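Structure first, commentary second.
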Amino acid sequence: MLSQEEYRLEENIKRWNIFFLVLFVVLSVWLFRSLEARVLLPFVLSSFDVIILVFALFRIIRLLAYDNIMLFLREFFLDVKSVKYVETGEEHVERVLSVNAFKRTMWKLLNCPWCLGILVSLFGVFIFVAFPDTFIIFLVLALSGVASLLQIFANFLGWSAEQKKVMAQKNIDC
């Protein structure tokens with residue numbers, strides 16, 4: 001059960017979500033109409049272009065949603081709370097979810113790779129098609145995306161092997 005304050009906050013978050021959904025639709029139409037006006041539509045992307053876009057957009061989404069270098073952006077939408085411990089007298093600062101509906105909505109959007117994926121893909125495809133000179137940037141991002149996937153896979157293998165080693169050690173000890 002929600003308190004009145006929590007209920008109002010959730011209702012305001014819903015309003016912001018609707019606003020961003022409408023904004024996304026308007027931006028989509030506007031961006032692709034501008035491509036059409038520049039006679040860049042209909043465009044055909046080669047298989048290679050699509051692969052480059054997939055890995056580049058994957059990397060941008062990871063950068064925004066997870067990577068430490070963009071933490072400042074995600075934390076911008078959190079509130080700072082000061083906590084003083086009575087026992088030690090120490091004062092600590094922590095970041096907590098904001099009570100401001102706009103800030104909380106933005107924080108949720110920036111921490112959701114699926115939500116970011118739609119927006120990043122919209123702008124990524126637009127930039128890729130409208131500005132062909134950006135290909136090298138997309139290529140670098142794509143290579144970084146592949147490297148990220150390889151690192152994730154290597155970590156998974158390492159953790160899996162470590163878990164199997166621990167399980168085998170437990171079986172030997174029994």
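Chain identifiers are assigned as A, B, and so on, following the order in which chains appear in the structure tokens; residues are numbered from 1 within each chain, and ligands are numbered from 1 in order of appearance.
Residues in contact with A:Arg104 at up to 10 Å, not including ones fewer than 6 positions away on its chain and judged by only C-alpha atoms, are Leu9, Glu10, Asn12, Ile13, Trp16, Phe77, Leu78, Asp79, Val96, Leu97, Ser98 and Leu110 of chain A.
Of the residues in stretch 31-145 of chain A, those given strand (DSSP E) by DSSP on the backbone are A:Leu78, A:Asp79, A:Val80, A:Lys81, A:Ser82, A:Val83, A:Lys84, A:Glu91, A:His92, A:Val93, A:Glu94, A:Arg95, A:Val96, A:Leu97.
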Q: Within 8 Å of A:Gly145, counting only C-alpha atoms, which residues show up once you throw out same-chain ones fewer than 3 positions away? Write them as a list in words, please.
A: Phe55, Ala56, Phe58, Arg59, Leu141, Ala142, Ser148 and Leu149 of chain A
**Q.** Proximity to A:Phe24 - best of A:Phe123, A:Trp107, A:Phe102, A:Phe48, only C-alpha atoms
**A.** A:Phe123
(Q) Show me, as a PyMOL selection string, the residues that have an atom within 10 Å of A:Cys112 when counting only C-alpha atoms, minus same-chain residues fewer than 2 positions from it. (A) chain A and resi 61-62+64-66+106-110+114-117
I want to know what sits within 7 Å of A:Leu57, based on only C-alpha atoms, with residues of the same chain fewer than 4 positions away left out; could you give that as a compact mmCIF listing (two decimals) with N, CA, C and O atoms, in the first residue's frame?
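Produced file result_5.txt, reproduced below:
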```
# COMPACT_ATOMS: atom_id res chain seq x y z
N LEU A 53 26.37 -0.48 -36.62
CA LEU A 53 25.39 0.23 -35.79
C LEU A 53 25.03 -0.57 -34.53
O LEU A 53 24.96 -0.01 -33.44
N ILE A 61 24.96 2.54 -25.23
CA ILE A 61 23.97 2.22 -24.19
C ILE A 61 24.68 1.77 -22.92
O ILE A 61 24.34 2.21 -21.81
N VAL A 120 18.69 5.94 -27.93
CA VAL A 120 20.03 5.92 -28.52
C VAL A 120 19.97 5.42 -29.96
O VAL A 120 20.64 5.94 -30.85
N SER A 121 19.14 4.42 -30.21
CA SER A 121 19.00 3.89 -31.57
C SER A 121 18.42 4.93 -32.52
O SER A 121 18.87 5.07 -33.65
N GLY A 124 21.17 7.43 -33.04
CA GLY A 124 22.29 6.78 -33.70
C GLY A 124 22.04 6.55 -35.19
O GLY A 124 22.89 6.86 -36.03
```
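Neighbours of A:Pro132 closer than or equal to 12 Å, with only C-alpha atoms counted and sequence neighbours fewer than 6 positions away skipped, come out as Leu40, Leu45, Asp49, Gly124, Val125, Phe126, Phe138 and Leu139 of chain A.
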Q: Just the alpha helix (DSSP H) stuff from chain A, please, per backbone DSSP, written as a PyMOL selection string.
A: chain A and resi 4-37+47-65+71-75+101-110+113-130+135-173
Q: Could you check which of A:Val25, A:Leu35, A:Ser82, A:Met1 is closest to A:Ile127, using only C-alpha atoms?
A: A:Leu35
